[in-house]
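Visitor: Contents of final_36.cif (mmCIF, C-alpha atoms and all ligand atoms):
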```cif
data_final
loop_
_atom_site.group_PDB
_atom_site.id
_atom_site.type_symbol
_atom_site.label_atom_id
_atom_site.label_comp_id
_atom_site.auth_asym_id
_atom_site.auth_seq_id
_atom_site.Cartn_x
_atom_site.Cartn_y
_atom_site.Cartn_z
ATOM 1 C CA MET H 25 -7.419 33.063 74.237
ATOM 2 C CA PHE H 26 -6.068 29.686 75.331
ATOM 3 C CA LEU H 27 -4.100 27.378 73.022
ATOM 4 C CA GLU H 28 -4.401 29.215 69.679
ATOM 5 C CA ALA H 29 -4.989 27.475 66.336
ATOM 6 C CA LYS H 30 -1.655 26.313 64.957
ATOM 7 C CA LYS H 31 -0.358 24.332 61.977
ATOM 8 C CA SER H 32 2.548 22.033 62.642
ATOM 9 C CA ASN H 33 5.325 21.296 60.149
ATOM 10 C CA ILE H 34 5.391 18.239 57.934
ATOM 11 C CA GLN H 35 8.654 16.453 57.101
ATOM 12 C CA GLN H 36 9.272 13.813 54.470
ATOM 13 C CA ILE H 37 11.001 10.752 55.945
ATOM 14 C CA TYR H 38 14.101 9.194 54.428
ATOM 15 C CA PHE H 39 14.712 5.947 56.298
ATOM 16 C CA SER H 40 16.930 3.138 54.995
ATOM 17 C CA GLU H 41 14.487 0.332 55.806
ATOM 18 C CA ILE H 42 11.856 1.725 53.440
ATOM 19 C CA ALA H 43 14.023 3.233 50.713
ATOM 20 C CA ASN H 44 12.868 2.138 47.213
ATOM 21 C CA SER H 45 9.514 0.934 48.549
ATOM 22 C CA GLY H 46 7.557 3.189 46.179
ATOM 23 C CA VAL H 47 5.644 4.548 49.175
ATOM 24 C CA SER H 48 6.211 8.066 50.534
ATOM 25 C CA LEU H 49 6.111 8.671 54.263
ATOM 26 C CA TYR H 50 5.640 12.049 55.947
ATOM 27 C CA ILE H 51 5.412 13.012 59.614
ATOM 28 C CA LYS H 52 3.325 15.860 60.988
ATOM 29 C CA ARG H 53 5.280 17.271 63.914
ATOM 30 C CA GLU H 54 2.521 17.931 66.431
ATOM 31 C CA ASP H 55 5.186 17.235 69.056
ATOM 32 C CA GLN H 56 6.568 20.701 68.287
ATOM 33 C CA LEU H 57 3.355 22.632 69.005
ATOM 34 C CA HIS H 58 4.343 23.642 72.536
ATOM 35 C CA PRO H 59 7.331 22.835 74.766
ATOM 36 C CA PHE H 60 5.242 21.254 77.565
ATOM 37 C CA ILE H 61 1.651 20.893 76.342
ATOM 38 C CA SER H 62 2.752 18.334 73.838
ATOM 39 C CA GLY H 63 1.202 17.070 70.635
ATOM 40 C CA ASN H 64 -2.322 15.779 70.842
ATOM 41 C CA LYS H 65 -2.687 16.958 74.453
ATOM 42 C CA TYR H 66 -2.542 20.546 73.167
ATOM 43 C CA ARG H 67 -5.431 19.778 70.833
ATOM 44 C CA LYS H 68 -7.362 17.853 73.484
ATOM 45 C CA LEU H 69 -7.077 20.528 76.164
ATOM 46 C CA LYS H 70 -7.940 23.551 74.019
ATOM 47 C CA TYR H 71 -11.757 23.406 74.051
ATOM 48 C CA ASN H 72 -11.788 21.944 77.557
ATOM 49 C CA LEU H 73 -9.985 25.058 78.824
ATOM 50 C CA ILE H 74 -12.444 27.265 76.968
ATOM 51 C CA GLU H 75 -15.354 25.340 78.483
ATOM 52 C CA ALA H 76 -13.852 25.463 81.995
ATOM 53 C CA SER H 77 -13.505 29.206 81.718
ATOM 54 C CA LYS H 78 -17.071 29.589 80.368
ATOM 55 C CA GLN H 79 -18.269 27.687 83.421
ATOM 56 C CA GLN H 80 -16.124 30.041 85.542
ATOM 57 C CA GLN H 81 -14.248 27.136 87.046
ATOM 58 C CA LYS H 82 -10.898 27.910 88.654
ATOM 59 C CA THR H 83 -9.740 24.326 89.194
ATOM 60 C CA LEU H 84 -9.086 21.506 86.733
ATOM 61 C CA LEU H 85 -9.195 17.993 88.123
ATOM 62 C CA THR H 86 -7.969 15.083 86.058
ATOM 63 C CA PHE H 87 -6.639 11.525 86.182
ATOM 64 C CA GLY H 88 -3.569 9.650 85.054
ATOM 65 C CA GLY H 89 -0.848 7.085 85.623
ATOM 66 C CA ALA H 90 2.481 8.092 87.145
ATOM 67 C CA PHE H 91 4.156 8.633 83.751
ATOM 68 C CA SER H 92 1.178 10.119 81.927
ATOM 69 C CA ASN H 93 1.730 12.673 79.158
ATOM 70 C CA HIS H 94 -1.728 14.020 79.917
ATOM 71 C CA ILE H 95 -0.812 14.770 83.557
ATOM 72 C CA THR H 96 2.221 16.783 82.417
ATOM 73 C CA ALA H 97 0.179 18.681 79.845
ATOM 74 C CA ALA H 98 -2.693 19.422 82.235
ATOM 75 C CA ALA H 99 -0.256 20.713 84.888
ATOM 76 C CA ALA H 100 1.516 22.925 82.346
ATOM 77 C CA ALA H 101 -1.768 24.250 80.925
ATOM 78 C CA GLY H 102 -3.109 25.087 84.377
ATOM 79 C CA PHE H 103 0.151 26.809 85.256
ATOM 80 C CA GLN H 104 0.179 28.855 82.040
ATOM 81 C CA PHE H 105 -3.479 29.881 82.064
ATOM 82 C CA GLY H 106 -4.119 30.350 85.764
ATOM 83 C CA PHE H 107 -6.105 27.271 86.756
ATOM 84 C CA LYS H 108 -5.392 25.343 89.908
ATOM 85 C CA THR H 109 -4.787 21.673 88.982
ATOM 86 C CA ILE H 110 -5.483 18.470 90.903
ATOM 87 C CA GLY H 111 -4.146 15.146 89.602
ATOM 88 C CA ILE H 112 -5.750 11.900 90.728
ATOM 89 C CA ILE H 113 -2.826 9.515 90.266
ATOM 90 C CA ARG H 114 -3.031 5.726 90.020
ATOM 91 C CA GLY H 115 -0.971 3.960 92.717
ATOM 92 C CA ASP H 116 -1.459 4.727 96.427
ATOM 93 C CA GLU H 117 2.002 3.317 97.240
ATOM 94 C CA LEU H 118 3.485 6.439 95.617
ATOM 95 C CA ALA H 119 2.245 8.572 98.513
ATOM 96 C CA ASN H 120 4.435 6.715 101.045
ATOM 97 C CA ASP H 121 7.663 8.425 100.100
ATOM 98 C CA LEU H 122 6.747 11.247 97.760
ATOM 99 C CA GLU H 123 10.165 12.941 98.017
ATOM 100 C CA LYS H 124 11.854 9.856 96.657
ATOM 101 C CA VAL H 125 9.187 9.276 93.997
ATOM 102 C CA LEU H 126 9.654 12.831 92.724
ATOM 103 C CA GLN H 127 13.422 12.285 92.448
ATOM 104 C CA GLN H 128 12.910 9.226 90.248
ATOM 105 C CA ASN H 129 9.848 10.232 88.295
ATOM 106 C CA PRO H 130 10.352 13.165 85.911
ATOM 107 C CA THR H 131 6.637 13.281 85.017
ATOM 108 C CA LEU H 132 5.391 13.801 88.565
ATOM 109 C CA LYS H 133 8.349 16.065 89.343
ATOM 110 C CA PHE H 134 7.408 18.333 86.442
ATOM 111 C CA ALA H 135 3.723 18.349 87.399
ATOM 112 C CA SER H 136 4.568 19.111 91.015
ATOM 113 C CA GLU H 137 6.856 21.982 89.991
ATOM 114 C CA HIS H 138 3.928 23.369 87.995
ATOM 115 C CA ASN H 139 1.783 23.387 91.131
ATOM 116 C CA MET H 140 -0.332 20.306 90.476
ATOM 117 C CA GLN H 141 -1.751 18.951 93.701
ATOM 118 C CA PHE H 142 -1.647 15.132 93.796
ATOM 119 C CA HIS H 143 -4.159 12.723 95.232
ATOM 120 C CA PHE H 144 -2.906 9.129 95.032
ATOM 121 C CA VAL H 145 -5.475 6.349 94.878
ATOM 122 C CA SER H 146 -5.266 2.561 94.807
ATOM 123 C CA ARG H 147 -5.603 0.733 91.515
ATOM 124 C CA SER H 148 -9.036 -0.546 92.491
ATOM 125 C CA ALA H 149 -10.269 2.932 93.490
ATOM 126 C CA TYR H 150 -8.822 4.301 90.254
ATOM 127 C CA ARG H 151 -11.008 1.946 88.254
ATOM 128 C CA GLU H 152 -14.065 3.612 89.830
ATOM 129 C CA LYS H 153 -13.020 7.048 88.624
ATOM 130 C CA THR H 154 -16.000 7.570 86.320
ATOM 131 C CA SER H 155 -18.593 6.556 88.938
ATOM 132 C CA GLU H 156 -20.861 9.240 90.370
ATOM 133 C CA VAL H 157 -20.050 8.293 93.953
ATOM 134 C CA PHE H 158 -16.302 8.577 93.367
ATOM 135 C CA ILE H 159 -16.698 11.995 91.751
ATOM 136 C CA ALA H 160 -19.119 13.216 94.451
ATOM 137 C CA ASN H 161 -16.482 12.244 97.052
ATOM 138 C CA LEU H 162 -13.851 14.217 95.184
ATOM 139 C CA LYS H 163 -16.144 17.278 95.164
ATOM 140 C CA GLN H 164 -16.578 16.981 98.905
ATOM 141 C CA GLN H 165 -12.858 16.771 99.386
ATOM 142 C CA PHE H 166 -11.672 19.413 96.903
ATOM 143 C CA GLY H 167 -14.680 21.682 96.291
ATOM 144 C CA ASP H 168 -16.005 22.426 92.813
ATOM 145 C CA PHE H 169 -13.844 21.678 89.762
ATOM 146 C CA TYR H 170 -13.920 21.191 85.997
ATOM 147 C CA LEU H 171 -13.368 17.509 85.326
ATOM 148 C CA VAL H 172 -11.090 16.494 82.461
ATOM 149 C CA PRO H 173 -11.406 12.715 81.928
ATOM 150 C CA GLU H 174 -8.436 10.326 81.841
ATOM 151 C CA GLY H 175 -6.305 10.976 78.783
ATOM 152 C CA GLY H 176 -8.412 14.105 78.255
ATOM 153 C CA THR H 177 -10.951 12.416 75.973
ATOM 154 C CA ASN H 178 -14.461 13.867 75.630
ATOM 155 C CA THR H 179 -16.358 15.689 72.872
ATOM 156 C CA PHE H 180 -14.344 18.895 73.467
ATOM 157 C CA ALA H 181 -11.127 16.923 73.012
ATOM 158 C CA VAL H 182 -12.360 15.372 69.774
ATOM 159 C CA LYS H 183 -13.311 18.843 68.498
ATOM 160 C CA GLY H 184 -9.750 20.036 69.180
ATOM 161 C CA CYS H 185 -8.282 17.027 67.370
ATOM 162 C CA GLU H 186 -10.344 17.908 64.298
ATOM 163 C CA GLU H 187 -7.827 20.782 63.949
ATOM 164 C CA ILE H 188 -4.822 18.456 63.480
ATOM 165 C CA LEU H 189 -5.461 18.049 59.734
ATOM 166 C CA ASN H 190 -6.020 21.037 57.468
ATOM 167 C CA ASP H 191 -6.807 21.692 53.790
ATOM 168 C CA GLU H 192 -3.175 21.368 52.740
ATOM 169 C CA ASP H 193 -3.186 17.747 53.919
ATOM 170 C CA ILE H 194 -5.520 16.528 51.142
ATOM 171 C CA ILE H 195 -2.446 15.318 49.209
ATOM 172 C CA TYR H 196 -2.085 12.331 51.573
ATOM 173 C CA ASN H 197 -4.173 9.176 50.992
ATOM 174 C CA VAL H 198 -3.496 7.417 54.263
ATOM 175 C CA ILE H 199 -3.374 9.059 57.695
ATOM 176 C CA CYS H 200 -1.849 7.052 60.567
ATOM 177 C CA SER H 201 -1.994 7.816 64.284
ATOM 178 C CA SER H 202 -1.355 6.097 67.580
ATOM 179 C CA VAL H 203 -4.401 5.285 69.723
ATOM 180 C CA GLY H 204 -4.726 5.357 73.522
ATOM 181 C CA THR H 205 -8.277 6.214 74.548
ATOM 182 C CA GLY H 206 -9.352 6.972 70.956
ATOM 183 C CA GLY H 207 -10.094 10.708 71.228
ATOM 184 C CA THR H 208 -7.298 11.820 68.968
ATOM 185 C CA ILE H 209 -7.995 9.413 66.148
ATOM 186 C CA SER H 210 -11.705 10.287 66.318
ATOM 187 C CA GLY H 211 -10.922 13.938 65.607
ATOM 188 C CA ILE H 212 -8.575 12.959 62.792
ATOM 189 C CA ILE H 213 -11.163 10.626 61.227
ATOM 190 C CA ASN H 214 -13.822 13.354 61.320
ATOM 191 C CA SER H 215 -11.619 15.787 59.444
ATOM 192 C CA THR H 216 -10.546 13.442 56.643
ATOM 193 C CA LYS H 217 -11.853 13.798 53.089
ATOM 194 C CA LYS H 218 -13.529 11.159 50.912
ATOM 195 C CA HIS H 219 -10.328 9.874 49.277
ATOM 196 C CA GLN H 220 -8.486 9.510 52.604
ATOM 197 C CA LYS H 221 -8.297 6.499 54.880
ATOM 198 C CA THR H 222 -7.268 6.642 58.566
ATOM 199 C CA ILE H 223 -5.446 3.769 60.263
ATOM 200 C CA GLY H 224 -5.141 3.759 64.047
ATOM 201 C CA PHE H 225 -2.426 1.821 65.863
ATOM 202 C CA PRO H 226 -3.524 1.050 69.450
ATOM 203 C CA ALA H 227 -0.687 1.268 71.977
ATOM 204 C CA LEU H 228 -2.470 -1.123 74.314
ATOM 205 C CA LYS H 229 -4.372 -4.399 74.224
ATOM 206 C CA GLY H 230 -8.142 -4.514 74.214
ATOM 207 C CA ASP H 231 -11.131 -4.716 71.927
ATOM 208 C CA PHE H 232 -13.055 -1.827 73.439
ATOM 209 C CA LEU H 233 -11.407 0.878 71.332
ATOM 210 C CA LYS H 234 -13.427 0.402 68.177
ATOM 211 C CA HIS H 235 -16.587 0.884 70.194
ATOM 212 C CA GLU H 236 -15.184 4.011 71.905
ATOM 213 C CA ILE H 237 -14.209 5.570 68.587
ATOM 214 C CA LYS H 238 -17.623 4.856 67.051
ATOM 215 C CA LYS H 239 -19.174 7.071 69.743
ATOM 216 C CA TYR H 240 -17.361 10.098 68.364
ATOM 217 C CA VAL H 241 -16.957 9.663 64.613
ATOM 218 C CA LEU H 242 -19.126 10.522 61.627
ATOM 219 C CA THR H 243 -20.462 7.394 59.972
ATOM 220 C CA ASP H 244 -19.394 8.024 56.365
ATOM 221 C CA LYS H 245 -15.652 7.815 57.053
ATOM 222 C CA ASN H 246 -13.069 5.237 56.011
ATOM 223 C CA TRP H 247 -11.010 3.988 58.975
ATOM 224 C CA SER H 248 -9.669 0.881 60.671
ATOM 225 C CA LEU H 249 -7.470 -0.171 63.587
ATOM 226 C CA ASN H 250 -4.331 -2.271 63.263
ATOM 227 C CA THR H 251 -3.873 -4.121 66.558
ATOM 228 C CA ASP H 252 -0.581 -5.878 65.733
ATOM 229 C CA TYR H 253 1.836 -3.374 67.251
ATOM 230 C CA HIS H 254 1.016 -2.918 70.953
ATOM 231 C CA PHE H 255 4.150 -4.843 72.034
ATOM 232 C CA GLY H 256 2.369 -6.679 74.835
ATOM 233 C CA GLY H 257 0.363 -3.770 76.230
ATOM 234 C CA TYR H 258 0.378 -0.227 77.504
ATOM 235 C CA ALA H 259 3.916 1.085 78.180
ATOM 236 C CA LYS H 260 5.390 -2.367 77.484
ATOM 237 C CA VAL H 261 8.521 -2.278 75.345
ATOM 238 C CA SER H 262 10.932 -4.740 73.735
ATOM 239 C CA GLU H 263 14.603 -4.451 72.842
ATOM 240 C CA ASP H 264 13.576 -4.417 69.163
ATOM 241 C CA LEU H 265 11.357 -1.416 69.757
ATOM 242 C CA ILE H 266 14.064 0.539 71.602
ATOM 243 C CA HIS H 267 16.563 -0.325 68.863
ATOM 244 C CA PHE H 268 14.093 0.892 66.224
ATOM 245 C CA ILE H 269 13.478 4.185 68.049
ATOM 246 C CA ASN H 270 17.231 4.844 68.251
ATOM 247 C CA LYS H 271 17.846 3.927 64.621
ATOM 248 C CA PHE H 272 14.935 6.069 63.431
ATOM 249 C CA LYS H 273 16.245 9.075 65.334
ATOM 250 C CA SER H 274 19.806 8.656 64.132
ATOM 251 C CA GLU H 275 18.712 8.490 60.471
ATOM 252 C CA THR H 276 15.858 11.019 60.434
ATOM 253 C CA GLY H 277 16.643 13.277 63.406
ATOM 254 C CA ILE H 278 13.109 12.710 64.726
ATOM 255 C CA PRO H 279 12.744 11.487 68.323
ATOM 256 C CA LEU H 280 9.930 9.009 69.060
ATOM 257 C CA ASP H 281 8.459 8.113 72.451
ATOM 258 C CA PRO H 282 8.358 4.484 73.626
ATOM 259 C CA VAL H 283 4.669 4.352 74.593
ATOM 260 C CA TYR H 284 2.906 5.680 71.483
ATOM 261 C CA THR H 285 4.779 7.105 68.508
ATOM 262 C CA GLY H 286 7.620 4.536 68.579
ATOM 263 C CA LYS H 287 5.085 1.731 68.201
ATOM 264 C CA LEU H 288 3.225 3.684 65.499
ATOM 265 C CA LEU H 289 6.287 4.193 63.318
ATOM 266 C CA PHE H 290 7.509 0.636 63.935
ATOM 267 C CA GLY H 291 4.120 -0.558 62.665
ATOM 268 C CA ILE H 292 4.040 1.694 59.601
ATOM 269 C CA VAL H 293 7.602 0.763 58.579
ATOM 270 C CA ASP H 294 6.854 -2.933 59.080
ATOM 271 C CA LEU H 295 3.710 -2.695 56.918
ATOM 272 C CA ILE H 296 5.605 -0.827 54.181
ATOM 273 C CA LYS H 297 8.330 -3.509 54.214
ATOM 274 C CA ASN H 298 5.620 -6.156 53.800
ATOM 275 C CA ASP H 299 4.090 -4.351 50.783
ATOM 276 C CA TYR H 300 0.860 -3.616 52.627
ATOM 277 C CA PHE H 301 0.486 -0.263 50.829
ATOM 278 C CA ASP H 302 0.236 0.205 47.049
ATOM 279 C CA ALA H 303 3.149 1.916 45.317
ATOM 280 C CA GLY H 304 2.490 5.636 45.082
ATOM 281 C CA THR H 305 0.685 5.837 48.440
ATOM 282 C CA ASN H 306 1.394 9.028 50.378
ATOM 283 C CA ILE H 307 1.249 8.266 54.095
ATOM 284 C CA LEU H 308 0.978 10.991 56.707
ATOM 285 C CA ALA H 309 1.880 9.822 60.236
ATOM 286 C CA ILE H 310 0.887 12.090 63.111
ATOM 287 C CA HIS H 311 3.622 12.643 65.695
ATOM 288 C CA THR H 312 1.400 13.049 68.749
ATOM 289 C CA GLY H 313 4.292 13.988 71.056
ATOM 290 C CA GLY H 314 4.868 12.249 74.375
ATOM 291 C CA LEU H 315 8.610 12.817 74.406
ATOM 292 C CA GLN H 316 8.573 13.673 78.126
ATOM 293 C CA GLY H 317 8.028 9.933 78.701
ATOM 294 C CA ILE H 318 11.501 9.012 77.431
ATOM 295 C CA GLU H 319 13.272 10.050 80.632
ATOM 296 C CA GLY H 320 11.011 7.965 82.866
ATOM 297 C CA MET H 321 11.298 4.948 80.548
ATOM 298 C CA ASN H 322 15.097 5.264 80.621
ATOM 299 C CA VAL H 323 15.107 5.081 84.442
ATOM 300 C CA TYR H 324 13.190 1.794 84.100
ATOM 301 C CA LEU H 325 15.437 0.428 81.305
ATOM 302 C CA LYS H 326 18.572 1.313 83.235
ATOM 303 C CA ASN H 327 17.338 -0.530 86.328
ATOM 304 C CA LYS H 328 16.772 -3.592 84.116
ATOM 305 C CA ASN H 329 20.200 -3.257 82.501
ATOM 306 C CA LEU H 330 18.623 -2.786 79.075
ATOM 307 C CA ALA H 331 19.711 -0.436 76.295
ATOM 308 C CA GLU H 332 18.292 3.074 76.787
ATOM 309 C CA ILE H 333 16.689 5.515 74.386
ATOM 310 C CA VAL H 334 19.334 7.978 73.190
HETATM 311 C C1 LIG A 1 -2.165 10.495 74.987
HETATM 312 C C2 LIG A 1 -1.373 10.133 73.778
HETATM 313 C C3 LIG A 1 -1.911 9.372 72.728
HETATM 314 C C4 LIG A 1 -3.273 8.761 72.793
HETATM 315 O O1 LIG A 1 -4.275 9.665 72.511
HETATM 316 P P1 LIG A 1 -5.806 9.241 72.680
HETATM 317 O O2 LIG A 1 -6.560 10.440 72.324
HETATM 318 O O3 LIG A 1 -5.968 8.879 74.140
HETATM 319 O O4 LIG A 1 -6.067 8.065 71.832
HETATM 320 C C5 LIG A 1 -1.134 9.155 71.598
HETATM 321 N N1 LIG A 1 0.129 9.627 71.523
HETATM 322 C C6 LIG A 1 0.678 10.328 72.518
HETATM 323 C C7 LIG A 1 2.078 10.769 72.378
HETATM 324 C C8 LIG A 1 -0.049 10.606 73.675
HETATM 325 O O5 LIG A 1 0.530 11.303 74.670
#
```
Translate this file's structure into structure tokens.
Guide:
Amino acid sequence: MFLEAKKSNIQQIYFSEIANSGVSLYIKREDQLHPFISGNKYRKLKYNLIEASKQQQKTLLTFGGAFSNHITAAAAAGFQFGFKTIGIIRGDELANDLEKVLQQNPTLKFASEHNMQFHFVSRSAYREKTSEVFIANLKQQFGDFYLVPEGGTNTFAVKGCEEILNDEDIIYNVICSSVGTGGTISGIINSTKKHQKTIGFPALKGDFLKHEIKKYVLTDKNWSLNTDYHFGGYAKVSEDLIHFINKFKSETGIPLDPVYTGKLLFGIVDLIKNDYFDAGTNILAIHTGGLQGIEGMNVYLKNKNLAEIV
């Protein structure tokens, strides 16, 4: 009915920095699942859309930052499947000159063109977004809605992410994925087999993630987080990271986003170079998408006179 079950393609990676390492690296191209409902957001929205329709809700309300992949995906999903969408966006200063913001922000421009209605809130109000009072106020203002949490993570999202891996993927021993709120990696962990280990690479700082993930995952699974590759925090980048993303694309043809998958692949390649994995290991990295974020990041890099993502 909504986002149908799909298998994405897997590509073996030939990259000069890890040639002759004895380790094989593959990428699962979840970024190619849908042109606008990208990567893990496709998986995370699927059962939420089904639930919203079961509850006979006509409006989806959700939350995000001004460059959020989730906001784009939620707007596109609502547009495609006939839900009205409301985006609660962090940053009340954005409301002052929306015309100008839309010119410079491809994420919000896309969401607006797909009929998402914005409600901009201050950073302090945004932090209250899970409180009952805040949500009751939103219901008063906008009427009834189906609430999709920030980043889309809840038990329905985790269920959708359990469909990322399938039976053909048992040939890989190590599964690697980027981590934001932890929903995606939870689904991946739940669908791994006994001989497989999952490693999550958080794209932001903070010790809360392990606790979040434990809420969703089965207890008999083998997983860990590697917190060495957040590059200073959420959406923070360095010249090294941008250089890596460009080099990776020129050699493999695979584009990476600067917020999540660029950091993931940088981390995996760095670990392989440092002999972290045994020879013969077959690593499957999940490309969770997020490529819409490149354009917005390039506006920022250009303003700072830094090299852009090509
Ligand atoms: C949202 C997002 C993530 C993080 O997913 P979580 O389920 O929040 O951990 C990872 N990669 C990309 C490309 C994303 O857009």
Visitor: Under the PyMOL selection byres (((chain H and resi 59) around 12) and not hetatm), which residues of this model are included? Write them out as a PyMOL selection string.
Guide: chain H and resi 54-58+60-63+65-66+96-97+100-101+104+313-316
Visitor: In Å, how far is it from atom CA of H:Lys273 to atom CA of H:Val293?
Guide: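 These atoms are spaced 13.8 Å apart.
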Visitor: So which one's closest to ligand LIG 1 (chain A), H:Glu192, H:Asp121, H:Glu319, H:Asp281? Using all atoms listed in the file, please.
Guide: H:Asp281
Visitor: Which residues are near H:Gln81? Cut-off 8 Å, all atoms listed in the file, ignore same chain within fewer than 5 positions. Put them as a PyMOL selection string.
Guide: chain H and resi 76+168-170
Visitor: Enumerate as an mmCIF file with C-alpha atoms, in the coordinates of the input the residues within 8 Å of ligand LIG 1 (chain A), counting all atoms listed in the file.
Guide:
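Output contents, as saved in out00.cif:
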```
data_model
loop_
_atom_site.group_PDB
_atom_site.id
_atom_site.type_symbol
_atom_site.label_atom_id
_atom_site.label_comp_id
_atom_site.auth_asym_id
_atom_site.auth_seq_id
_atom_site.Cartn_x
_atom_site.Cartn_y
_atom_site.Cartn_z
ATOM 1 C CA ASP H 55 5.186 17.235 69.056
ATOM 2 C CA SER H 62 2.752 18.334 73.838
ATOM 3 C CA GLY H 63 1.202 17.070 70.635
ATOM 4 C CA ASN H 64 -2.322 15.779 70.842
ATOM 5 C CA LYS H 65 -2.687 16.958 74.453
ATOM 6 C CA LYS H 68 -7.362 17.853 73.484
ATOM 7 C CA SER H 92 1.178 10.119 81.927
ATOM 8 C CA ASN H 93 1.730 12.673 79.158
ATOM 9 C CA HIS H 94 -1.728 14.020 79.917
ATOM 10 C CA GLY H 175 -6.305 10.976 78.783
ATOM 11 C CA GLY H 176 -8.412 14.105 78.255
ATOM 12 C CA THR H 177 -10.951 12.416 75.973
ATOM 13 C CA ALA H 181 -11.127 16.923 73.012
ATOM 14 C CA SER H 201 -1.994 7.816 64.284
ATOM 15 C CA SER H 202 -1.355 6.097 67.580
ATOM 16 C CA VAL H 203 -4.401 5.285 69.723
ATOM 17 C CA GLY H 204 -4.726 5.357 73.522
ATOM 18 C CA THR H 205 -8.277 6.214 74.548
ATOM 19 C CA GLY H 206 -9.352 6.972 70.956
ATOM 20 C CA GLY H 207 -10.094 10.708 71.228
ATOM 21 C CA THR H 208 -7.298 11.820 68.968
ATOM 22 C CA ILE H 209 -7.995 9.413 66.148
ATOM 23 C CA SER H 210 -11.705 10.287 66.318
ATOM 24 C CA PRO H 226 -3.524 1.050 69.450
ATOM 25 C CA ALA H 227 -0.687 1.268 71.977
ATOM 26 C CA ASP H 281 8.459 8.113 72.451
ATOM 27 C CA VAL H 283 4.669 4.352 74.593
ATOM 28 C CA TYR H 284 2.906 5.680 71.483
ATOM 29 C CA THR H 285 4.779 7.105 68.508
ATOM 30 C CA HIS H 311 3.622 12.643 65.695
ATOM 31 C CA THR H 312 1.400 13.049 68.749
ATOM 32 C CA GLY H 313 4.292 13.988 71.056
ATOM 33 C CA GLY H 314 4.868 12.249 74.375
ATOM 34 C CA LEU H 315 8.610 12.817 74.406
#
```
Visitor: Nearest residue to H:Thr276 out of H:Phe301, H:Tyr50, H:Phe87, H:Phe26, using only C-alpha atoms?
Guide: H:Tyr50
